[in-house]
Amino acid sequence: MDTTKNLQQQKKPFDFMKWLKSRKGQQMVVIITFMFVPLLLLAVFTYFPFVEMFKFSFYKMKYIGDREYVGLDNYKQVFERKDCFSALKLSLYYMGGSVVQLSLALYFATLLSFKTKLGNFFKGTMFFPFLINGIAIGFIFKFFYTRGFVFDTVLQWCGFNLDHLPYWLQNQSINNISLVGASIWRYFGQNMVLFIGAIMSVDAQMYEAAELDGANKCQQFKYIIMPSIKTIIVLNMILSITGSLSSFEIPFVVTGGNNGTGTYFVIMNKIAHVTQKVGLASAMAIVLLAIILVATLLQKLFFKYFFNDGTEDNAKVKKSRKKNLEGAN
Amino acid sequence: MTIIQKIKRYVGIFLKYFSLVFFAFVSLVPVVSCVITAFKTDKEYASTNVMVLPKNWFNFDNFMTAWDRANMGLAFLNSFIILACVLAGSIMIGSMLAYVLNRFKFPGNGLVRNLFLFATLLPGVAMQVSVYKIMTNFNLINSIPGYIILMMGTDVISIYVFIQFFENIPVSLDESAIIDGCSYFGVFFKILLPLLKPAIITCMILKGVATYNEYYMANLYLQDKSKFVVVATSLYTFTGPMGNKYNLICAGLLITLLPALIIFIACQKQIYSGLTNGAVKG
């Protein structure tokens with residue numbers, strides 16, 4: 001960069017200095033200086049690793065040492081290995097969980113956006129788990145689900161007999177549901193806060209008008225709340241597909257992926273950092289990325305064909321505003 | 001009719017509060033059980049049910065032991081340094097990039113936006129397979145500066161928050177300053193940056209929570225737990241042989257929760273609105 005600048009200066013120094021002082025030149029300087037660091041970081045930590053990962057996926061290799069080209073073998077293994085494929089199936093549990101999570105969030109968001117006694121307290125208690133760090137959550141739920149500990153005690157209060165209760169983290173028919181429960185506990189408050197934000201953005205006069213017209217709460221929900229937040233609901237539903245494929249921290253910390261609770265990322269982490277099959281892990285990552293891309297594409301199509309009404313207007317307004325502001329793009 | 005309506009109303013109210021109380025209970029029980037256990041002595045913990053209240057609510061021994069064992073003084077110091085640097089860095093990077101992308105048209109503007117957009121789709125944990133190799137090559141494993149740069153470099157949310165915010169600041173403001181003889185740098189640092197305060201708070205909250213709680217990356221890149229322990233990884237001490245001493249573990253995890261709880265109670269409103277603002281990026 002410097003050398004080219006110098007060259008230009010030597011050829012016609014006067015012109016360049018003038019250009020540098022002009023508005024255009026100043027703009028160029030700002031653009032380059034302000035974009036240099038972010039783009040460098042993006043290249044080094046996102047795109048370079050991405051390209052590298054793509055390359056790794058065709059090799060049999062470890063972090064250190066020789067590597068051997070194996071073609072598509074790693075990809076075949078992703079679908080043939082039992083642990084990888086069952087991990088993909090396991091994410092169905094988490095998808096089911098996210099449906100429960102979103103409906104809970106929607107239900108409480110609706111309740112709490114109307115006048116509620118102690119509303120802030122309820123909102124706060126349900127949201128707070130989101131602020132707890134992953135490993136603490138892991139310990140909390142290890143403790144919570146241990147035989148005869150918190151969960152069992154609470155159930156005994158409700159009249160269950162300890163002998164009839166399963167081992168929540170060992171029993172393979174139920175342990176994934178226990179973990180999904182922990183995941184719902186952690187995230188549903190956050191979804192709820194997002195939904196409340198969306199509901200609150202509706203003009204309060206709409207509710208007043210509806211009430212004057214004799215609409216009850218159910219009708220208000222159906223005709224005012226739902227239309228105004230369906231975009232964010234669908235967005236969250238599709239995000240939950242990616243989310244459930246990449247669920248990681250809770251199974252990683254609570255069970256370490258044992259007893260058939262290894263989600264895709266847990267298995268991948270094990271393959272990458274414990275057994276150091278870097279090529280296979282890279283192939284797994286690429287497969288996951290492909291699935292995520294397909295999901296995102298579906299989301300785009302879905303929005304295009306099913307939400308033409310409200311969202312398109314918004315998009316148009318946004319676009320015209322953007323054009324006014326910058327003219328770019 | 002009116003009686004039926006009244007009954008309906010009361011049943012509705014009852015159901016509403018019943019479900020609220022029930023789920024507040026569900027949200028609280030796991031944490032409350034930890035609080036109860038954290039105050040128990042070893043003997044008490046071994047002999048009583050986990051939900052039986054401790055005899056002495058001022059028994060802080062577990063907290064002290066946990067603090068020492070998990071080296072939490074150092075953990076909090078490291079976490080604080082990391083948090084301060086990452087926040088300052090990603091706010092500067094995010095706001096500067098957003099300024100350029102929002103205010104200037106130049107070839108490549110759309111491309112840069114799309115590059116950042118695509119980066120959000122790449123799954124973070126999956127990318128670590130190759131990022132780990134790069135960090136090894138740069139010799140940045142077990143290095144706090146390296147970890148800070150990494151956390152700054154993988155930040156996309158704040159850029160969106162800032163771009164959105166810039167759209168609502170009129171361009172005429174920049175122009176009048178330029179006519180008055182201000183340079184573009186001056187416009188950004190003297191005029192726009194102070195106006196970005198709400199967006200900065202939003203970013204601090206989103207990025208702050210994510211950084212403070214980041215466990216996986218910290219565990220992977222700051223492996224030497226005796227020197228480079230952070231709050232999120234400090235609890236790791238309690239896995240293995242100490243994995244059954246839940247009174248100690250609970251005390252330790254409550255210590256890590258405390259800062260989050262205090263900040264949450266103090267800035268509830270900003271956290272909610274920050275989260276909502278951050279989510280509209282789509």
# chains A, B, ... in the order shown; residues from 1 in each chain; ligands from 1

call {"tool": "interface_residues", "arguments": {"of": "chain B", "to": "chain A", "cutoff": "6 Å", "atoms": "only C-alpha atoms", "output": "PyMOL selection string"}}
result
chain B and resi 27+50+96-97+100+103+105+110+126+130-131+153+213+253+276

call {"tool": "write_last_selection", "arguments": {"atoms": "N, CA and C atoms", "output": "mmCIF file, in the first residue's frame"}}
result
data_model
loop_
_atom_site.group_PDB
_atom_site.id
_atom_site.type_symbol
_atom_site.label_atom_id
_atom_site.label_comp_id
_atom_site.auth_asym_id
_atom_site.auth_seq_id
_atom_site.Cartn_x
_atom_site.Cartn_y
_atom_site.Cartn_z
ATOM 1 N N SER B 27 -38.482 -22.213 37.293
ATOM 2 C CA SER B 27 -37.253 -21.474 36.981
ATOM 3 C C SER B 27 -36.369 -21.312 38.206
ATOM 4 N N VAL B 50 -31.437 -32.897 50.088
ATOM 5 C CA VAL B 50 -30.941 -31.656 49.491
ATOM 6 C C VAL B 50 -31.893 -30.485 49.667
ATOM 7 N N MET B 96 -17.062 1.530 13.763
ATOM 8 C CA MET B 96 -16.322 2.076 12.630
ATOM 9 C C MET B 96 -16.763 1.427 11.331
ATOM 10 N N LEU B 97 -16.886 0.119 11.358
ATOM 11 C CA LEU B 97 -17.309 -0.573 10.148
ATOM 12 C C LEU B 97 -18.726 -0.157 9.755
ATOM 13 N N VAL B 100 -18.738 3.265 8.050
ATOM 14 C CA VAL B 100 -18.295 3.228 6.654
ATOM 15 C C VAL B 100 -19.364 2.600 5.767
ATOM 16 N N ARG B 103 -22.557 5.040 5.636
ATOM 17 C CA ARG B 103 -22.486 6.411 5.151
ATOM 18 C C ARG B 103 -21.870 6.568 3.769
ATOM 19 N N LYS B 105 -20.949 5.219 -0.202
ATOM 20 C CA LYS B 105 -21.140 4.211 -1.237
ATOM 21 C C LYS B 105 -19.830 4.025 -1.957
ATOM 22 N N GLY B 110 -21.684 -3.691 -0.799
ATOM 23 C CA GLY B 110 -22.614 -4.813 -0.703
ATOM 24 C C GLY B 110 -21.882 -6.108 -0.419
ATOM 25 N N ALA B 126 -18.212 -25.572 15.302
ATOM 26 C CA ALA B 126 -17.673 -26.380 14.209
ATOM 27 C C ALA B 126 -16.413 -25.763 13.634
ATOM 28 N N SER B 130 -10.676 -25.877 12.625
ATOM 29 C CA SER B 130 -9.558 -25.286 11.884
ATOM 30 C C SER B 130 -9.023 -24.024 12.557
ATOM 31 N N VAL B 131 -9.886 -23.302 13.286
ATOM 32 C CA VAL B 131 -9.367 -22.126 14.002
ATOM 33 C C VAL B 131 -8.312 -22.577 15.004
ATOM 34 N N GLY B 153 -12.645 -10.927 16.918
ATOM 35 C CA GLY B 153 -12.704 -11.201 15.485
ATOM 36 C C GLY B 153 -13.931 -11.963 15.062
ATOM 37 N N ASN B 213 -19.751 -15.554 29.715
ATOM 38 C CA ASN B 213 -20.222 -16.928 29.843
ATOM 39 C C ASN B 213 -19.556 -17.903 28.893
ATOM 40 N N LEU B 253 -20.428 -22.097 42.113
ATOM 41 C CA LEU B 253 -21.206 -21.595 40.977
ATOM 42 C C LEU B 253 -22.055 -20.394 41.369
ATOM 43 N N THR B 276 -33.789 -7.139 22.705
ATOM 44 C CA THR B 276 -34.800 -6.982 21.662
ATOM 45 C C THR B 276 -34.207 -6.260 20.458
#

call {"tool": "select_by_dssp", "arguments": {"residues": "segment 88-265 of chain A", "states": "helix (DSSP H, G or I)", "output": "PyMOL selection string"}}
result
chain A and resi 88-113+119-131+134-145+150-157+162-164+175-200+204-212+217-245+249-254+264-265

call {"tool": "write_last_selection", "arguments": {"atoms": "C-alpha atoms", "output": "tab-separated table (two decimals), in the first residue's frame"}}
result
chain	number	residue	atom	x	y	z
A	88	LEU	CA	-28.19	-36.22	13.68
A	89	LYS	CA	-31.29	-38.15	14.71
A	90	LEU	CA	-30.83	-36.94	18.26
A	91	SER	CA	-31.26	-33.36	17.17
A	92	LEU	CA	-34.92	-34.25	16.53
A	93	TYR	CA	-35.36	-34.29	20.32
A	94	TYR	CA	-34.00	-30.79	20.48
A	95	MET	CA	-36.25	-29.66	17.64
A	96	GLY	CA	-39.23	-31.04	19.50
A	97	GLY	CA	-37.96	-29.25	22.57
A	98	SER	CA	-37.72	-25.97	20.72
A	99	VAL	CA	-41.37	-26.23	19.70
A	100	VAL	CA	-42.28	-26.59	23.39
A	101	GLN	CA	-39.89	-23.77	24.23
A	102	LEU	CA	-41.35	-21.38	21.68
A	103	SER	CA	-44.94	-22.11	22.66
A	104	LEU	CA	-44.14	-21.59	26.33
A	105	ALA	CA	-42.37	-18.36	25.47
A	106	LEU	CA	-45.29	-17.16	23.39
A	107	TYR	CA	-47.81	-18.06	26.08
A	108	PHE	CA	-45.99	-16.19	28.83
A	109	ALA	CA	-45.10	-13.28	26.58
A	110	THR	CA	-48.78	-12.82	25.87
A	111	LEU	CA	-49.72	-13.06	29.55
A	112	LEU	CA	-47.01	-10.68	30.65
A	113	SER	CA	-47.67	-8.06	28.02
A	119	GLY	CA	-45.16	-9.02	36.17
A	120	ASN	CA	-41.59	-7.84	36.39
A	121	PHE	CA	-40.74	-10.46	38.98
A	122	PHE	CA	-42.11	-13.27	36.82
A	123	LYS	CA	-40.37	-11.93	33.75
A	124	GLY	CA	-37.10	-11.64	35.64
A	125	THR	CA	-37.16	-15.12	37.17
A	126	MET	CA	-37.99	-16.75	33.86
A	127	PHE	CA	-35.35	-14.78	32.00
A	128	PHE	CA	-32.48	-15.01	34.45
A	129	PRO	CA	-31.33	-18.57	33.50
A	130	PHE	CA	-30.24	-17.11	30.17
A	131	LEU	CA	-27.52	-15.16	31.97
A	134	GLY	CA	-22.90	-22.97	30.46
A	135	ILE	CA	-20.78	-24.92	32.88
A	136	ALA	CA	-22.73	-23.61	35.88
A	137	ILE	CA	-25.91	-24.78	34.15
A	138	GLY	CA	-24.23	-28.11	33.67
A	139	PHE	CA	-23.48	-28.45	37.37
A	140	ILE	CA	-26.91	-27.20	38.36
A	141	PHE	CA	-28.60	-29.88	36.29
A	142	LYS	CA	-26.21	-32.65	37.22
A	143	PHE	CA	-27.16	-31.84	40.80
A	144	PHE	CA	-30.83	-31.37	39.91
A	145	TYR	CA	-31.23	-34.74	38.22
A	150	VAL	CA	-33.69	-31.99	43.80
A	151	PHE	CA	-35.99	-33.22	41.03
A	152	ASP	CA	-36.79	-36.48	42.76
A	153	THR	CA	-37.50	-34.67	46.02
A	154	VAL	CA	-39.88	-32.26	44.36
A	155	LEU	CA	-41.65	-35.13	42.65
A	156	GLN	CA	-41.91	-36.94	45.98
A	157	TRP	CA	-43.59	-33.85	47.41
A	162	LEU	CA	-38.91	-42.74	44.43
A	163	ASP	CA	-38.80	-46.40	43.40
A	164	HIS	CA	-40.97	-45.72	40.40
A	175	ASN	CA	-32.03	-38.87	29.46
A	176	ASN	CA	-32.24	-36.90	26.25
A	177	ILE	CA	-35.60	-35.53	27.31
A	178	SER	CA	-34.07	-34.49	30.64
A	179	LEU	CA	-31.35	-32.62	28.79
A	180	VAL	CA	-33.81	-30.99	26.42
A	181	GLY	CA	-35.73	-29.90	29.52
A	182	ALA	CA	-32.60	-28.19	30.83
A	183	SER	CA	-32.12	-26.51	27.49
A	184	ILE	CA	-35.71	-25.23	27.51
A	185	TRP	CA	-35.19	-23.98	31.06
A	186	ARG	CA	-32.18	-22.04	29.90
A	187	TYR	CA	-33.52	-20.41	26.77
A	188	PHE	CA	-37.29	-19.99	26.93
A	189	GLY	CA	-37.06	-16.81	29.00
A	190	GLN	CA	-34.91	-15.21	26.35
A	191	ASN	CA	-37.42	-16.06	23.63
A	192	MET	CA	-40.13	-14.70	25.86
A	193	VAL	CA	-38.36	-11.36	26.22
A	194	LEU	CA	-37.99	-11.16	22.44
A	195	PHE	CA	-41.67	-11.88	21.96
A	196	ILE	CA	-42.66	-9.34	24.58
A	197	GLY	CA	-40.56	-6.78	22.73
A	198	ALA	CA	-42.38	-7.59	19.50
A	199	ILE	CA	-45.80	-7.46	21.15
A	200	MET	CA	-44.99	-4.17	22.83
A	204	ALA	CA	-51.33	0.35	22.45
A	205	GLN	CA	-54.30	2.12	20.90
A	206	MET	CA	-55.04	-1.01	18.90
A	207	TYR	CA	-55.80	-2.91	22.09
A	208	GLU	CA	-57.93	-0.09	23.44
A	209	ALA	CA	-59.89	0.10	20.21
A	210	ALA	CA	-60.33	-3.65	20.19
A	211	GLU	CA	-61.54	-3.63	23.78
A	212	LEU	CA	-64.04	-0.89	22.99
A	217	LYS	CA	-58.43	-11.50	25.10
A	218	CYS	CA	-58.45	-14.52	22.81
A	219	GLN	CA	-59.61	-12.44	19.89
A	220	GLN	CA	-57.07	-9.77	20.70
A	221	PHE	CA	-54.41	-12.45	20.64
A	222	LYS	CA	-55.58	-13.88	17.35
A	223	TYR	CA	-56.14	-10.66	15.45
A	224	ILE	CA	-53.69	-8.18	16.91
A	225	ILE	CA	-50.83	-10.01	18.59
A	226	MET	CA	-50.37	-12.95	16.22
A	227	PRO	CA	-50.19	-10.95	12.98
A	228	SER	CA	-47.73	-8.51	14.48
A	229	ILE	CA	-45.29	-11.13	15.73
A	230	LYS	CA	-45.66	-13.98	13.26
A	231	THR	CA	-42.51	-12.87	11.47
A	232	ILE	CA	-40.40	-13.17	14.59
A	233	ILE	CA	-42.05	-16.50	15.48
A	234	VAL	CA	-41.26	-18.04	12.12
A	235	LEU	CA	-37.77	-16.61	12.29
A	236	ASN	CA	-37.28	-18.22	15.70
A	237	MET	CA	-38.72	-21.53	14.51
A	238	ILE	CA	-36.22	-21.70	11.71
A	239	LEU	CA	-33.42	-20.55	13.95
A	240	SER	CA	-34.37	-23.43	16.23
A	241	ILE	CA	-33.53	-25.91	13.47
A	242	THR	CA	-29.98	-24.58	13.38
A	243	GLY	CA	-30.01	-24.28	17.13
A	244	SER	CA	-31.02	-27.88	17.70
A	245	LEU	CA	-28.44	-29.18	15.25
A	249	GLU	CA	-23.06	-26.94	25.98
A	250	ILE	CA	-25.69	-28.70	28.07
A	251	PRO	CA	-25.01	-32.28	26.94
A	252	PHE	CA	-21.27	-31.52	26.86
A	253	VAL	CA	-21.18	-30.47	30.49
A	254	VAL	CA	-23.98	-32.51	32.08
A	264	TYR	CA	-23.67	-33.68	16.76
A	265	PHE	CA	-21.35	-31.02	18.15

call {"tool": "residues_around", "arguments": {"residues": "segment 135-145 of chain B", "least_positions_apart": "2", "cutoff": "7 Å", "atoms": "only C-alpha atoms", "output": "ChimeraX atom specification"}}
result
/B:131-133,147-149,221-224,228

call {"tool": "write_last_selection", "arguments": {"atoms": "N, CA and C atoms", "output": "mmCIF file, in the first residue's frame"}}
result
data_model
loop_
_atom_site.group_PDB
_atom_site.id
_atom_site.type_symbol
_atom_site.label_atom_id
_atom_site.label_comp_id
_atom_site.auth_asym_id
_atom_site.auth_seq_id
_atom_site.Cartn_x
_atom_site.Cartn_y
_atom_site.Cartn_z
ATOM 1 N N VAL B 131 -9.886 -23.302 13.286
ATOM 2 C CA VAL B 131 -9.367 -22.126 14.002
ATOM 3 C C VAL B 131 -8.312 -22.577 15.004
ATOM 4 N N TYR B 132 -8.551 -23.725 15.614
ATOM 5 C CA TYR B 132 -7.599 -24.247 16.595
ATOM 6 C C TYR B 132 -6.232 -24.448 15.956
ATOM 7 N N LYS B 133 -6.241 -24.944 14.733
ATOM 8 C CA LYS B 133 -4.967 -25.179 14.040
ATOM 9 C C LYS B 133 -4.269 -23.841 13.770
ATOM 10 N N TYR B 147 -6.604 -14.799 22.856
ATOM 11 C CA TYR B 147 -8.013 -15.085 23.107
ATOM 12 C C TYR B 147 -8.871 -13.837 22.896
ATOM 13 N N ILE B 148 -8.350 -12.691 23.342
ATOM 14 C CA ILE B 148 -9.093 -11.441 23.171
ATOM 15 C C ILE B 148 -9.289 -11.145 21.683
ATOM 16 N N ILE B 149 -8.211 -11.280 20.912
ATOM 17 C CA ILE B 149 -8.323 -11.007 19.475
ATOM 18 C C ILE B 149 -9.326 -11.950 18.837
ATOM 19 N N TYR B 221 -8.910 -22.628 24.298
ATOM 20 C CA TYR B 221 -7.757 -21.786 23.986
ATOM 21 C C TYR B 221 -6.982 -21.337 25.219
ATOM 22 N N LEU B 222 -7.597 -21.429 26.396
ATOM 23 C CA LEU B 222 -6.871 -21.092 27.621
ATOM 24 C C LEU B 222 -6.763 -22.365 28.464
ATOM 25 N N GLN B 223 -5.952 -23.297 27.968
ATOM 26 C CA GLN B 223 -5.962 -24.627 28.573
ATOM 27 C C GLN B 223 -5.256 -24.691 29.919
ATOM 28 N N ASP B 224 -4.245 -23.857 30.088
ATOM 29 C CA ASP B 224 -3.495 -23.902 31.328
ATOM 30 C C ASP B 224 -4.300 -23.231 32.431
ATOM 31 N N PHE B 228 -4.330 -19.214 33.340
ATOM 32 C CA PHE B 228 -5.245 -18.477 32.479
ATOM 33 C C PHE B 228 -6.700 -18.831 32.742
#

call {"tool": "residues_around", "arguments": {"residues": "Ile255 of chain B", "least_positions_apart": "6", "cutoff": "9 Å", "atoms": "only C-alpha atoms", "output": "list in words"}}
result
Phe63, Ala66, Trp67 and Met72 of chain B

call {"tool": "write_last_selection", "arguments": {"atoms": "N, CA and C atoms", "output": "PDB file, in the first residue's frame"}}
result
ATOM      1  N   PHE B  63     -18.065 -21.128  50.551  1.00  0.00           N
ATOM      2  CA  PHE B  63     -17.749 -20.083  49.583  1.00  0.00           C
ATOM      3  C   PHE B  63     -16.254 -19.781  49.606  1.00  0.00           C
ATOM      4  N   ALA B  66     -14.333 -22.732  48.113  1.00  0.00           N
ATOM      5  CA  ALA B  66     -14.516 -22.770  46.663  1.00  0.00           C
ATOM      6  C   ALA B  66     -13.708 -21.670  45.988  1.00  0.00           C
ATOM      7  N   TRP B  67     -13.713 -20.484  46.605  1.00  0.00           N
ATOM      8  CA  TRP B  67     -12.966 -19.348  46.052  1.00  0.00           C
ATOM      9  C   TRP B  67     -11.482 -19.694  45.928  1.00  0.00           C
ATOM     10  N   MET B  72     -10.442 -18.313  42.203  1.00  0.00           N
ATOM     11  CA  MET B  72     -11.392 -17.397  41.591  1.00  0.00           C
ATOM     12  C   MET B  72     -10.937 -15.950  41.571  1.00  0.00           C
TER      13      MET B  72
END

call {"tool": "residues_around", "arguments": {"residues": "Asn62 of chain B", "least_positions_apart": "3", "cutoff": "9 Å", "atoms": "only C-alpha atoms", "output": "ChimeraX atom specification"}}
result
/B:38-41,59,65-67,247-252

call {"tool": "closest_residue", "arguments": {"among": "B:Ile263, B:Leu77, B:Val156, B:Ala177", "to": "Val231 of chain B", "atoms": "only C-alpha atoms"}}
result
B:Leu77

call {"tool": "closest_residue", "arguments": {"among": "B:Met64, B:Leu74, B:Val11, B:Leu87", "to": "Ser226 of chain B", "atoms": "only C-alpha atoms"}}
result
B:Leu74

call {"tool": "atom_distance", "arguments": {"atom1": "atom CA of Ile200 of chain B", "atom2": "atom CA of Gln164 of chain B"}}
result
12.1 Å

call {"tool": "closest_residue", "arguments": {"among": "B:Val209, B:Phe165, B:Asp180, B:Val32", "to": "Leu196 of chain B", "atoms": "only C-alpha atoms"}}
result
B:Phe165

call {"tool": "atom_distance", "arguments": {"atom1": "atom CA of Gly257 of chain A", "atom2": "atom CA of Lys270 of chain A"}}
result
9.2 Å

call {"tool": "atom_distance", "arguments": {"atom1": "atom CA of Ser57 of chain A", "atom2": "atom CA of Leu220 of chain B"}}
result
20.9 Å

call {"tool": "residues_around", "arguments": {"residues": "Phe264 of chain B", "least_positions_apart": "3", "cutoff": "10 Å", "atoms": "only C-alpha atoms", "output": "tab-separated table (two decimals) with C-alpha atoms, in the first residue's frame"}}
result
chain	number	residue	atom	x	y	z
A	124	GLY	CA	-37.10	-11.64	35.64
A	127	PHE	CA	-35.35	-14.78	32.00
A	128	PHE	CA	-32.48	-15.01	34.45
A	131	LEU	CA	-27.52	-15.16	31.97
B	205	ILE	CA	-24.89	-6.29	27.07
B	258	LEU	CA	-23.38	-13.19	41.55
B	259	PRO	CA	-21.97	-10.57	39.13
B	260	ALA	CA	-24.54	-11.56	36.51
B	261	LEU	CA	-27.32	-11.30	39.07
B	267	CYS	CA	-29.90	-2.83	34.46
B	268	GLN	CA	-32.94	-4.98	33.80
B	269	LYS	CA	-34.49	-2.51	31.40
B	270	GLN	CA	-31.37	-2.03	29.32
B	271	ILE	CA	-30.84	-5.78	29.13
B	272	TYR	CA	-34.35	-6.43	27.86
